[in-house]
There are 2 protein chains.
Amino acid sequence: MSMGARKKPVEGSKAELSYELLRSRILDGTYGPGYRLVMDQLARETGVSTIPLREAVRRLQSDGLVEVVRNIGARVAVFDSVQVEHTLNVLARLEGYATAICAPRMSPAQVQVSREINERMKEALEEFDPTAFTALNREFHFSLYRHCPDEHLNALLESEWARLDHMRRSTFTYVPGRARRSVEEHDHLLGLIEAKADAAEIEDAARAHKIATAAALHRATAH
Amino acid sequence: MSMGARKKPVEGSKAELSYELLRSRILDGTYGPGYRLVMDQLARETGVSTIPLREAVRRLQSDGLVEVVRNIGARVAVFDSVQVEHTLNVLARLEGYATAICAPRMSPAQVQVSREINERMKEALEEFDPTAFTALNREFHFSLYRHCPDEHLNALLESEWARLDHMRRSTFTYVPGRARRSVEEHDHLLGLIEAKADAAEIEDAARAHKIATAAALHRATAH
DNA sequence: ATATCGCAAATCGTACATGATTTGTCCAAG
DNA sequence: CTTGGACAAATCATGTACGATTTGCGATAT
């Protein structure tokens, strides 16, 4: 038999594709907060039937990205600014732990990659580019715990970041004075990792870093 | 119109009921780890059709309780002891935070309820009843952050505890020497809450408490 | 003993029927 | 002429039955 690249779409059930499609459209803002997900409409639009779409919506429901009401339908979740603050605080604890257990596993080369990302954040800071800054910030933190031995923790982090990305669509959150301090704290954190500091110390630093972001946002919004 | 209590089963779609049924059966061990969830079979057994069951399985998939493979089916997730340790560590961080933000909101009466639960744990300890002890332990911690203002955090805690309960089916985890220290730490924690201690201090205590449990388990299993 | 063919079982997807909710219209009262 | 309510029709979520496709296993033939 020919062993050439077959047209085998191994990862391509309609339910799976629909899930990724809807998810990406929610996260990139195509379906904003409160948007109503109508099955028949989506079915015609995407060319699949309603059943795979229903299954996709169910997964999104457990992900917390949509809210489903019986006999009414599904809407993409809507968040207010206090929930942004809550999510930041939860992320602080999760990230602190993840960063701490991954720190000993990081090679010097990987630390260097993270450091370069932080340098690019400084550039974005110089050029007043909040969007790029935010994206790089996420990239920076994920670079710290990419090789986390706990897969479920990784899934949690991914999920919380996704929620956060989506929330930024409703309430734009960028505290001007905070960005400069943020990159400094990143440098400090990298220093601790390179110095093979104690796990508890690294965890404290990483947690405090994001708690500070949440606090800055708190002061900026609910003055 | 009569406004008396109608027989309105507001929460009663077949998809919802199927979800709760499957979930409870997974958590109480009826469907053990690795159990194969066959749609047609479940459909005949429960009297509903396959579609509501599919939706239920999708939600369980995002909950991390079942694993779905394309064209193969769904199996109940199987965990090993290291994942128990991971989950305990994640729970430690989440519980620490939740306990800290709920502490100022607790009334003396609520503290008293928690204290009574801890007293019952001491009784279970005297009578060598690990099962009751474990159940009470969960009840104790939930009593501390029942009125959490962050609903999503509550959902996360519920989810992680559910995972833990299910894991205990595979690997029975009870470290004899740990239980006595545990109730002492509970008393200490309650003292901090009553004394209106600093949030950071309470968080540290609650986190350290569960980290110690994880560490004890680590020593007991992978000696 | 190995390989190939074929059957059984279960998942995946579609079309259709049903029931609940919302909307829109018409009529009547003020 | 405006307002309020009731009835009707459309819209959409929910559930069922059925067909299509894939996987896994066993039997048969070489």
# chains A, B, ... in the order shown; residues from 1 in each chain; ligands from 1
$ residues_around --residues "DT23 of chain C" --least-positions-apart "3" --cutoff "9 Å" --atoms "only C-alpha atoms (C1' of nucleotides)" --output "PDB file with C-alpha atoms (C1' of nucleotides), in the first residue's frame"
ATOM      1  C1'  DA D   9     -48.199  32.065  14.569  1.00  0.00           C
ATOM      2  C1'  DA D  10     -43.405  31.758  14.062  1.00  0.00           C
ATOM      3  C1'  DT D  11     -39.039  30.484  16.125  1.00  0.00           C
TER       4       DT D  11
END
$ interface_residues --of "chain C" --to "chain A" --cutoff "9 Å" --atoms "only C-alpha atoms (C1' of nucleotides)" --output "list in words"
DC12, DG13, DT14, DA20 and DT21 of chain C
$ interface_residues --of "chain B" --to "chain A" --cutoff "8 Å" --atoms "only C-alpha atoms" --output "list in words"
Val10, Glu11, Ser13, Ile51, Arg54, Glu55, Ala56, Arg58, Arg59, Leu60, Gln61, Ser62, Asp63, Arg70, Gln83, His86, Val90, Arg93, Leu94, Tyr97, Asp150 and Leu153 of chain B
$ write_last_selection --atoms "C-alpha atoms" --output "PDB file, in the first residue's frame"
ATOM      1  CA  VAL B  10     -37.406  23.798  36.020  1.00  0.00           C
ATOM      2  CA  GLU B  11     -34.231  21.799  36.302  1.00  0.00           C
ATOM      3  CA  SER B  13     -33.974  18.325  30.883  1.00  0.00           C
ATOM      4  CA  ILE B  51     -28.326  12.210  22.183  1.00  0.00           C
ATOM      5  CA  ARG B  54     -23.829  12.258  24.336  1.00  0.00           C
ATOM      6  CA  GLU B  55     -24.253  15.796  25.597  1.00  0.00           C
ATOM      7  CA  ALA B  56     -23.788  14.624  29.158  1.00  0.00           C
ATOM      8  CA  ARG B  58     -19.286  15.968  26.497  1.00  0.00           C
ATOM      9  CA  ARG B  59     -19.672  17.947  29.666  1.00  0.00           C
ATOM     10  CA  LEU B  60     -17.976  15.206  31.667  1.00  0.00           C
ATOM     11  CA  GLN B  61     -15.195  15.344  29.118  1.00  0.00           C
ATOM     12  CA  SER B  62     -14.556  19.013  29.817  1.00  0.00           C
ATOM     13  CA  ASP B  63     -14.854  18.258  33.523  1.00  0.00           C
ATOM     14  CA  ARG B  70     -12.936   9.473  18.219  1.00  0.00           C
ATOM     15  CA  GLN B  83      -2.108  12.651  40.024  1.00  0.00           C
ATOM     16  CA  HIS B  86      -0.943  16.879  42.011  1.00  0.00           C
ATOM     17  CA  VAL B  90      -3.631  22.406  43.297  1.00  0.00           C
ATOM     18  CA  ARG B  93      -3.539  26.785  46.557  1.00  0.00           C
ATOM     19  CA  LEU B  94      -7.196  27.175  45.648  1.00  0.00           C
ATOM     20  CA  TYR B  97      -7.166  31.603  48.668  1.00  0.00           C
ATOM     21  CA  ASP B 150     -16.468  34.198  43.444  1.00  0.00           C
ATOM     22  CA  LEU B 153     -13.798  29.650  42.215  1.00  0.00           C
TER      23      LEU B 153
END
$ calpha_fit_and_write --fixed "chain A" --moving "chain B" --output "PDB file with C-alpha atoms, in the first residue's frame"
ATOM      1  CA  MET B   1       1.668  -0.499   2.661  1.00  0.00           C
ATOM      2  CA  SER B   2       2.977   2.966   2.134  1.00  0.00           C
ATOM      3  CA  MET B   3       3.752   4.462   5.467  1.00  0.00           C
ATOM      4  CA  GLY B   4       4.119   7.962   4.117  1.00  0.00           C
ATOM      5  CA  ALA B   5       2.203  10.837   5.603  1.00  0.00           C
ATOM      6  CA  ARG B   6      -1.390   9.872   5.027  1.00  0.00           C
ATOM      7  CA  LYS B   7      -4.106  12.429   4.647  1.00  0.00           C
ATOM      8  CA  LYS B   8      -5.500  11.148   7.892  1.00  0.00           C
ATOM      9  CA  PRO B   9      -7.417  13.948   9.592  1.00  0.00           C
ATOM     10  CA  VAL B  10      -7.316  12.138  12.920  1.00  0.00           C
ATOM     11  CA  GLU B  11      -8.546  15.212  14.705  1.00  0.00           C
ATOM     12  CA  GLY B  12     -11.514  16.170  12.619  1.00  0.00           C
ATOM     13  CA  SER B  13     -14.932  15.178  13.854  1.00  0.00           C
ATOM     14  CA  LYS B  14     -17.553  17.795  13.169  1.00  0.00           C
ATOM     15  CA  ALA B  15     -18.255  18.049  16.855  1.00  0.00           C
ATOM     16  CA  GLU B  16     -14.594  18.743  17.531  1.00  0.00           C
ATOM     17  CA  LEU B  17     -14.272  21.236  14.703  1.00  0.00           C
ATOM     18  CA  SER B  18     -17.434  23.010  15.768  1.00  0.00           C
ATOM     19  CA  TYR B  19     -16.112  23.225  19.300  1.00  0.00           C
ATOM     20  CA  GLU B  20     -12.873  24.809  18.202  1.00  0.00           C
ATOM     21  CA  LEU B  21     -14.643  27.139  15.801  1.00  0.00           C
ATOM     22  CA  LEU B  22     -17.120  28.418  18.375  1.00  0.00           C
ATOM     23  CA  ARG B  23     -14.436  28.669  21.022  1.00  0.00           C
ATOM     24  CA  SER B  24     -12.111  30.674  18.821  1.00  0.00           C
ATOM     25  CA  ARG B  25     -14.923  32.945  17.752  1.00  0.00           C
ATOM     26  CA  ILE B  26     -15.845  33.602  21.352  1.00  0.00           C
ATOM     27  CA  LEU B  27     -12.246  34.255  22.327  1.00  0.00           C
ATOM     28  CA  ASP B  28     -11.450  36.550  19.408  1.00  0.00           C
ATOM     29  CA  GLY B  29     -14.592  38.546  20.076  1.00  0.00           C
ATOM     30  CA  THR B  30     -16.605  37.620  16.996  1.00  0.00           C
ATOM     31  CA  TYR B  31     -19.290  36.395  19.374  1.00  0.00           C
ATOM     32  CA  GLY B  32     -19.210  38.982  22.130  1.00  0.00           C
ATOM     33  CA  PRO B  33     -20.562  38.609  25.653  1.00  0.00           C
ATOM     34  CA  GLY B  34     -24.294  37.985  25.701  1.00  0.00           C
ATOM     35  CA  TYR B  35     -24.345  36.878  22.062  1.00  0.00           C
ATOM     36  CA  ARG B  36     -27.097  34.397  21.428  1.00  0.00           C
ATOM     37  CA  LEU B  37     -25.999  31.086  19.920  1.00  0.00           C
ATOM     38  CA  VAL B  38     -28.853  29.922  17.685  1.00  0.00           C
ATOM     39  CA  MET B  39     -28.454  26.365  16.493  1.00  0.00           C
ATOM     40  CA  ASP B  40     -30.284  26.478  13.169  1.00  0.00           C
ATOM     41  CA  GLN B  41     -28.547  29.685  12.224  1.00  0.00           C
ATOM     42  CA  LEU B  42     -25.105  28.299  13.037  1.00  0.00           C
ATOM     43  CA  ALA B  43     -25.988  25.079  11.264  1.00  0.00           C
ATOM     44  CA  ARG B  44     -26.728  26.879   7.995  1.00  0.00           C
ATOM     45  CA  GLU B  45     -23.703  29.090   8.417  1.00  0.00           C
ATOM     46  CA  THR B  46     -21.164  26.357   9.075  1.00  0.00           C
ATOM     47  CA  GLY B  47     -22.705  23.631   6.931  1.00  0.00           C
ATOM     48  CA  VAL B  48     -23.035  21.078   9.727  1.00  0.00           C
ATOM     49  CA  SER B  49     -26.175  19.904  11.409  1.00  0.00           C
ATOM     50  CA  THR B  50     -27.381  20.980  14.804  1.00  0.00           C
ATOM     51  CA  ILE B  51     -26.277  17.937  16.797  1.00  0.00           C
ATOM     52  CA  PRO B  52     -22.503  18.453  16.561  1.00  0.00           C
ATOM     53  CA  LEU B  53     -23.129  22.072  17.462  1.00  0.00           C
ATOM     54  CA  ARG B  54     -25.117  21.054  20.511  1.00  0.00           C
ATOM     55  CA  GLU B  55     -22.251  18.893  21.694  1.00  0.00           C
ATOM     56  CA  ALA B  56     -19.828  21.742  21.158  1.00  0.00           C
ATOM     57  CA  VAL B  57     -22.033  24.049  23.192  1.00  0.00           C
ATOM     58  CA  ARG B  58     -22.184  21.513  26.012  1.00  0.00           C
ATOM     59  CA  ARG B  59     -18.437  21.463  26.280  1.00  0.00           C
ATOM     60  CA  LEU B  60     -18.313  25.254  26.236  1.00  0.00           C
ATOM     61  CA  GLN B  61     -20.881  25.168  29.001  1.00  0.00           C
ATOM     62  CA  SER B  62     -18.604  23.122  31.234  1.00  0.00           C
ATOM     63  CA  ASP B  63     -15.735  25.385  30.216  1.00  0.00           C
ATOM     64  CA  GLY B  64     -17.750  28.276  31.599  1.00  0.00           C
ATOM     65  CA  LEU B  65     -17.730  30.224  28.350  1.00  0.00           C
ATOM     66  CA  VAL B  66     -21.457  29.957  27.609  1.00  0.00           C
ATOM     67  CA  GLU B  67     -24.555  29.778  29.759  1.00  0.00           C
ATOM     68  CA  VAL B  68     -27.360  27.446  28.794  1.00  0.00           C
ATOM     69  CA  VAL B  69     -30.958  27.821  29.902  1.00  0.00           C
ATOM     70  CA  ARG B  70     -33.461  25.085  29.341  1.00  0.00           C
ATOM     71  CA  ASN B  71     -35.815  25.626  26.401  1.00  0.00           C
ATOM     72  CA  ILE B  72     -34.249  29.039  25.853  1.00  0.00           C
ATOM     73  CA  GLY B  73     -30.824  28.446  24.433  1.00  0.00           C
ATOM     74  CA  ALA B  74     -27.183  29.310  24.895  1.00  0.00           C
ATOM     75  CA  ARG B  75     -25.617  32.731  25.329  1.00  0.00           C
ATOM     76  CA  VAL B  76     -21.991  33.694  25.521  1.00  0.00           C
ATOM     77  CA  ALA B  77     -21.128  34.312  29.165  1.00  0.00           C
ATOM     78  CA  VAL B  78     -20.974  37.908  30.290  1.00  0.00           C
ATOM     79  CA  PHE B  79     -18.479  39.042  32.912  1.00  0.00           C
ATOM     80  CA  ASP B  80     -18.054  42.131  34.991  1.00  0.00           C
ATOM     81  CA  SER B  81     -14.862  43.699  36.288  1.00  0.00           C
ATOM     82  CA  VAL B  82     -14.985  42.005  39.683  1.00  0.00           C
ATOM     83  CA  GLN B  83     -14.886  38.631  37.960  1.00  0.00           C
ATOM     84  CA  VAL B  84     -11.783  39.738  36.097  1.00  0.00           C
ATOM     85  CA  GLU B  85     -10.205  40.442  39.446  1.00  0.00           C
ATOM     86  CA  HIS B  86     -11.314  37.061  40.780  1.00  0.00           C
ATOM     87  CA  THR B  87      -9.864  35.244  37.804  1.00  0.00           C
ATOM     88  CA  LEU B  88      -6.579  37.106  38.133  1.00  0.00           C
ATOM     89  CA  ASN B  89      -6.365  36.029  41.750  1.00  0.00           C
ATOM     90  CA  VAL B  90      -7.102  32.405  40.934  1.00  0.00           C
ATOM     91  CA  LEU B  91      -4.548  32.540  38.131  1.00  0.00           C
ATOM     92  CA  ALA B  92      -2.009  33.970  40.563  1.00  0.00           C
ATOM     93  CA  ARG B  93      -2.192  30.862  42.754  1.00  0.00           C
ATOM     94  CA  LEU B  94      -2.203  28.433  39.848  1.00  0.00           C
ATOM     95  CA  GLU B  95       0.607  30.175  38.011  1.00  0.00           C
ATOM     96  CA  GLY B  96       2.677  30.436  41.137  1.00  0.00           C
ATOM     97  CA  TYR B  97       2.536  26.705  41.662  1.00  0.00           C
ATOM     98  CA  ALA B  98       3.065  25.834  38.004  1.00  0.00           C
ATOM     99  CA  THR B  99       6.036  28.164  37.683  1.00  0.00           C
ATOM    100  CA  ALA B 100       7.619  26.724  40.811  1.00  0.00           C
ATOM    101  CA  ILE B 101       7.431  23.075  39.760  1.00  0.00           C
ATOM    102  CA  CYS B 102       8.645  23.855  36.252  1.00  0.00           C
ATOM    103  CA  ALA B 103      11.559  26.053  37.267  1.00  0.00           C
ATOM    104  CA  PRO B 104      14.014  23.224  38.025  1.00  0.00           C
ATOM    105  CA  ARG B 105      13.215  21.647  34.673  1.00  0.00           C
ATOM    106  CA  MET B 106      14.070  24.705  32.631  1.00  0.00           C
ATOM    107  CA  SER B 107      17.246  24.634  30.576  1.00  0.00           C
ATOM    108  CA  PRO B 108      19.382  27.778  30.202  1.00  0.00           C
ATOM    109  CA  ALA B 109      18.217  28.002  26.596  1.00  0.00           C
ATOM    110  CA  GLN B 110      14.589  28.029  27.657  1.00  0.00           C
ATOM    111  CA  VAL B 111      15.278  30.720  30.213  1.00  0.00           C
ATOM    112  CA  GLN B 112      16.871  32.711  27.445  1.00  0.00           C
ATOM    113  CA  VAL B 113      13.745  32.401  25.317  1.00  0.00           C
ATOM    114  CA  SER B 114      11.651  33.744  28.181  1.00  0.00           C
ATOM    115  CA  ARG B 115      14.081  36.573  28.704  1.00  0.00           C
ATOM    116  CA  GLU B 116      13.804  37.569  25.058  1.00  0.00           C
ATOM    117  CA  ILE B 117      10.045  37.662  25.329  1.00  0.00           C
ATOM    118  CA  ASN B 118      10.382  39.994  28.269  1.00  0.00           C
ATOM    119  CA  GLU B 119      12.727  42.206  26.231  1.00  0.00           C
ATOM    120  CA  ARG B 120      10.087  42.452  23.552  1.00  0.00           C
ATOM    121  CA  MET B 121       7.631  43.479  26.260  1.00  0.00           C
ATOM    122  CA  LYS B 122       9.925  46.354  27.113  1.00  0.00           C
ATOM    123  CA  GLU B 123       9.898  47.403  23.459  1.00  0.00           C
ATOM    124  CA  ALA B 124       6.099  47.257  23.375  1.00  0.00           C
ATOM    125  CA  LEU B 125       6.177  49.396  26.487  1.00  0.00           C
ATOM    126  CA  GLU B 126       8.362  52.007  24.774  1.00  0.00           C
ATOM    127  CA  GLU B 127       6.025  52.105  21.811  1.00  0.00           C
ATOM    128  CA  PHE B 128       2.830  52.374  23.837  1.00  0.00           C
ATOM    129  CA  ASP B 129       1.317  49.188  22.467  1.00  0.00           C
ATOM    130  CA  PRO B 130      -0.931  47.724  25.166  1.00  0.00           C
ATOM    131  CA  THR B 131      -2.364  45.043  22.895  1.00  0.00           C
ATOM    132  CA  ALA B 132       1.037  43.617  21.992  1.00  0.00           C
ATOM    133  CA  PHE B 133       2.093  43.957  25.613  1.00  0.00           C
ATOM    134  CA  THR B 134      -0.844  41.887  26.841  1.00  0.00           C
ATOM    135  CA  ALA B 135      -0.272  39.185  24.250  1.00  0.00           C
ATOM    136  CA  LEU B 136       3.417  38.986  25.076  1.00  0.00           C
ATOM    137  CA  ASN B 137       2.620  38.817  28.762  1.00  0.00           C
ATOM    138  CA  ARG B 138       0.588  35.687  28.202  1.00  0.00           C
ATOM    139  CA  GLU B 139       3.301  34.244  26.025  1.00  0.00           C
ATOM    140  CA  PHE B 140       5.898  34.963  28.674  1.00  0.00           C
ATOM    141  CA  HIS B 141       4.110  33.144  31.445  1.00  0.00           C
ATOM    142  CA  PHE B 142       3.267  30.151  29.287  1.00  0.00           C
ATOM    143  CA  SER B 143       6.915  29.893  28.328  1.00  0.00           C
ATOM    144  CA  LEU B 144       7.669  29.367  32.014  1.00  0.00           C
ATOM    145  CA  TYR B 145       5.419  26.351  32.519  1.00  0.00           C
ATOM    146  CA  ARG B 146       5.140  24.897  29.062  1.00  0.00           C
ATOM    147  CA  HIS B 147       6.663  21.550  30.063  1.00  0.00           C
ATOM    148  CA  CYS B 148       4.540  21.090  33.131  1.00  0.00           C
ATOM    149  CA  PRO B 149       4.364  17.429  34.155  1.00  0.00           C
ATOM    150  CA  ASP B 150       0.778  17.896  35.348  1.00  0.00           C
ATOM    151  CA  GLU B 151      -1.384  17.920  32.277  1.00  0.00           C
ATOM    152  CA  HIS B 152      -4.545  18.796  34.118  1.00  0.00           C
ATOM    153  CA  LEU B 153      -2.906  21.853  35.639  1.00  0.00           C
ATOM    154  CA  ASN B 154      -1.973  22.944  32.152  1.00  0.00           C
ATOM    155  CA  ALA B 155      -5.574  22.556  31.045  1.00  0.00           C
ATOM    156  CA  LEU B 156      -6.719  24.649  33.983  1.00  0.00           C
ATOM    157  CA  LEU B 157      -4.247  27.400  33.174  1.00  0.00           C
ATOM    158  CA  GLU B 158      -5.295  27.382  29.548  1.00  0.00           C
ATOM    159  CA  SER B 159      -8.931  27.604  30.578  1.00  0.00           C
ATOM    160  CA  GLU B 160      -8.390  30.484  32.984  1.00  0.00           C
ATOM    161  CA  TRP B 161      -6.348  32.451  30.478  1.00  0.00           C
ATOM    162  CA  ALA B 162      -9.087  31.902  27.925  1.00  0.00           C
ATOM    163  CA  ARG B 163     -11.651  33.290  30.330  1.00  0.00           C
ATOM    164  CA  LEU B 164      -9.433  36.268  30.930  1.00  0.00           C
ATOM    165  CA  ASP B 165      -8.927  36.931  27.227  1.00  0.00           C
ATOM    166  CA  HIS B 166     -12.644  36.837  26.721  1.00  0.00           C
ATOM    167  CA  MET B 167     -13.315  39.121  29.677  1.00  0.00           C
ATOM    168  CA  ARG B 168     -11.029  41.765  28.250  1.00  0.00           C
ATOM    169  CA  ARG B 169     -13.567  42.125  25.451  1.00  0.00           C
ATOM    170  CA  SER B 170     -16.135  43.485  27.890  1.00  0.00           C
ATOM    171  CA  THR B 171     -13.991  45.510  30.206  1.00  0.00           C
ATOM    172  CA  PHE B 172     -10.732  46.736  28.804  1.00  0.00           C
ATOM    173  CA  THR B 173      -8.155  46.301  31.523  1.00  0.00           C
ATOM    174  CA  TYR B 174      -4.803  47.939  31.279  1.00  0.00           C
ATOM    175  CA  VAL B 175      -3.282  49.817  34.161  1.00  0.00           C
ATOM    176  CA  PRO B 176      -0.665  52.212  32.754  1.00  0.00           C
ATOM    177  CA  GLY B 177       1.565  52.444  35.784  1.00  0.00           C
ATOM    178  CA  ARG B 178       1.588  48.713  36.293  1.00  0.00           C
ATOM    179  CA  ALA B 179       3.304  47.646  33.061  1.00  0.00           C
ATOM    180  CA  ARG B 180       6.760  48.945  33.917  1.00  0.00           C
ATOM    181  CA  ARG B 181       6.789  47.268  37.320  1.00  0.00           C
ATOM    182  CA  SER B 182       5.546  44.104  35.654  1.00  0.00           C
ATOM    183  CA  VAL B 183       8.557  43.648  33.385  1.00  0.00           C
ATOM    184  CA  GLU B 184      10.872  44.357  36.317  1.00  0.00           C
ATOM    185  CA  GLU B 185       9.198  41.604  38.304  1.00  0.00           C
ATOM    186  CA  HIS B 186       9.606  39.314  35.318  1.00  0.00           C
ATOM    187  CA  ASP B 187      13.341  39.960  35.370  1.00  0.00           C
ATOM    188  CA  HIS B 188      13.454  39.267  39.084  1.00  0.00           C
ATOM    189  CA  LEU B 189      11.577  36.011  38.570  1.00  0.00           C
ATOM    190  CA  LEU B 190      13.954  34.931  35.815  1.00  0.00           C
ATOM    191  CA  GLY B 191      16.868  35.687  38.107  1.00  0.00           C
ATOM    192  CA  LEU B 192      15.444  33.406  40.777  1.00  0.00           C
ATOM    193  CA  ILE B 193      14.951  30.617  38.252  1.00  0.00           C
ATOM    194  CA  GLU B 194      18.495  30.934  36.934  1.00  0.00           C
ATOM    195  CA  ALA B 195      19.875  30.946  40.469  1.00  0.00           C
ATOM    196  CA  LYS B 196      18.010  27.692  41.189  1.00  0.00           C
ATOM    197  CA  ALA B 197      16.246  29.345  44.060  1.00  0.00           C
ATOM    198  CA  ASP B 198      14.028  27.436  46.432  1.00  0.00           C
ATOM    199  CA  ALA B 199      10.701  26.307  44.981  1.00  0.00           C
ATOM    200  CA  ALA B 200       8.742  28.103  47.683  1.00  0.00           C
ATOM    201  CA  GLU B 201      10.543  31.351  46.959  1.00  0.00           C
ATOM    202  CA  ILE B 202       9.821  31.134  43.250  1.00  0.00           C
ATOM    203  CA  GLU B 203       6.194  30.318  43.929  1.00  0.00           C
ATOM    204  CA  ASP B 204       5.839  33.289  46.245  1.00  0.00           C
ATOM    205  CA  ALA B 205       7.381  35.629  43.687  1.00  0.00           C
ATOM    206  CA  ALA B 206       5.243  34.416  40.800  1.00  0.00           C
ATOM    207  CA  ARG B 207       2.094  34.541  42.906  1.00  0.00           C
ATOM    208  CA  ALA B 208       2.821  37.974  44.312  1.00  0.00           C
ATOM    209  CA  HIS B 209       3.505  39.235  40.811  1.00  0.00           C
ATOM    210  CA  LYS B 210       0.028  38.487  39.550  1.00  0.00           C
ATOM    211  CA  ILE B 211      -1.638  39.441  42.811  1.00  0.00           C
ATOM    212  CA  ALA B 212      -0.065  42.858  42.380  1.00  0.00           C
ATOM    213  CA  THR B 213      -1.625  43.088  38.919  1.00  0.00           C
ATOM    214  CA  ALA B 214      -5.020  42.229  40.360  1.00  0.00           C
ATOM    215  CA  ALA B 215      -4.573  44.805  43.106  1.00  0.00           C
ATOM    216  CA  ALA B 216      -3.555  47.490  40.615  1.00  0.00           C
ATOM    217  CA  LEU B 217      -6.646  46.760  38.585  1.00  0.00           C
ATOM    218  CA  HIS B 218      -8.757  46.918  41.720  1.00  0.00           C
ATOM    219  CA  ARG B 219      -7.491  50.376  42.565  1.00  0.00           C
ATOM    220  CA  ALA B 220      -7.877  51.543  38.969  1.00  0.00           C
ATOM    221  CA  THR B 221     -11.492  50.460  38.552  1.00  0.00           C
ATOM    222  CA  ALA B 222     -13.294  50.639  41.898  1.00  0.00           C
ATOM    223  CA  HIS B 223     -11.150  53.578  43.099  1.00  0.00           C
TER     224      HIS B 223
END
$ select_by_dssp --residues "segment 10-98 of chain A" --states "alpha helix (DSSP H)" --output "PyMOL selection string"
chain A and resi 14-27+39-46+50-63+81-98
$ interface_residues --of "chain D" --to "chain B" --cutoff "9 Å" --atoms "only C-alpha atoms (C1' of nucleotides)" --output "MDAnalysis selection string"
chainID D and resid 14:16 22:23
$ select_by_dssp --residues "segment 24-200 of chain A" --states "strand (DSSP E)" --output "ChimeraX atom specification"
/A:36-37,66-69,73-76
$ atom_distance --atom1 "atom C1' of DC16 of chain C" --atom2 "atom C1' of DT21 of chain D"
21.5 Å
$ atom_distance --atom1 "atom C1' of DT22 of chain C" --atom2 "atom C1' of DT2 of chain D"
24.1 Å
$ atom_distance --atom1 "atom C1' of DC18 of chain D" --atom2 "atom C1' of DA15 of chain C"
9.0 Å
$ residues_around --residues "DG26 of chain D" --least-positions-apart "5" --cutoff "12 Å" --atoms "only C-alpha atoms (C1' of nucleotides)" --output "PyMOL selection string"
chain C and resi 4-8
$ write_last_selection --atoms "N, CA and C atoms (P, O5', C5', C4', C3', O3' and C1' of nucleotides)" --output "compact mmCIF listing (two decimals), in the first residue's frame"
# COMPACT_ATOMS: atom_id res chain seq x y z
P DT C 4 -2.39 -9.33 3.35
O5' DT C 4 -3.85 -9.61 2.78
C5' DT C 4 -4.11 -10.84 2.11
C4' DT C 4 -5.57 -11.24 2.30
C3' DT C 4 -6.57 -10.08 2.25
O3' DT C 4 -7.62 -10.40 1.38
C1' DT C 4 -6.96 -11.35 4.16
P DC C 5 -8.50 -9.23 0.68
O5' DC C 5 -9.99 -9.77 0.84
C5' DC C 5 -10.24 -11.18 0.78
C4' DC C 5 -11.32 -11.57 1.78
C3' DC C 5 -12.54 -10.63 1.81
O3' DC C 5 -13.72 -11.36 1.47
C1' DC C 5 -11.77 -11.12 4.02
P DG C 6 -15.09 -10.57 1.25
O5' DG C 6 -15.86 -10.77 2.63
C5' DG C 6 -15.89 -12.06 3.23
C4' DG C 6 -16.49 -11.97 4.62
C3' DG C 6 -17.70 -11.03 4.74
O3' DG C 6 -18.69 -11.65 5.54
C1' DG C 6 -16.08 -10.40 6.32
P DC C 7 -20.25 -11.22 5.38
O5' DC C 7 -20.79 -11.21 6.88
C5' DC C 7 -20.34 -12.23 7.79
C4' DC C 7 -20.17 -11.67 9.18
C3' DC C 7 -21.34 -10.81 9.68
O3' DC C 7 -21.70 -11.22 10.99
C1' DC C 7 -19.31 -9.67 10.01
P DA C 8 -23.17 -10.92 11.55
O5' DA C 8 -22.86 -10.18 12.94
C5' DA C 8 -21.91 -10.76 13.84
C4' DA C 8 -21.38 -9.71 14.79
C3' DA C 8 -22.44 -8.79 15.40
O3' DA C 8 -22.17 -8.61 16.78
C1' DA C 8 -20.78 -7.49 14.33
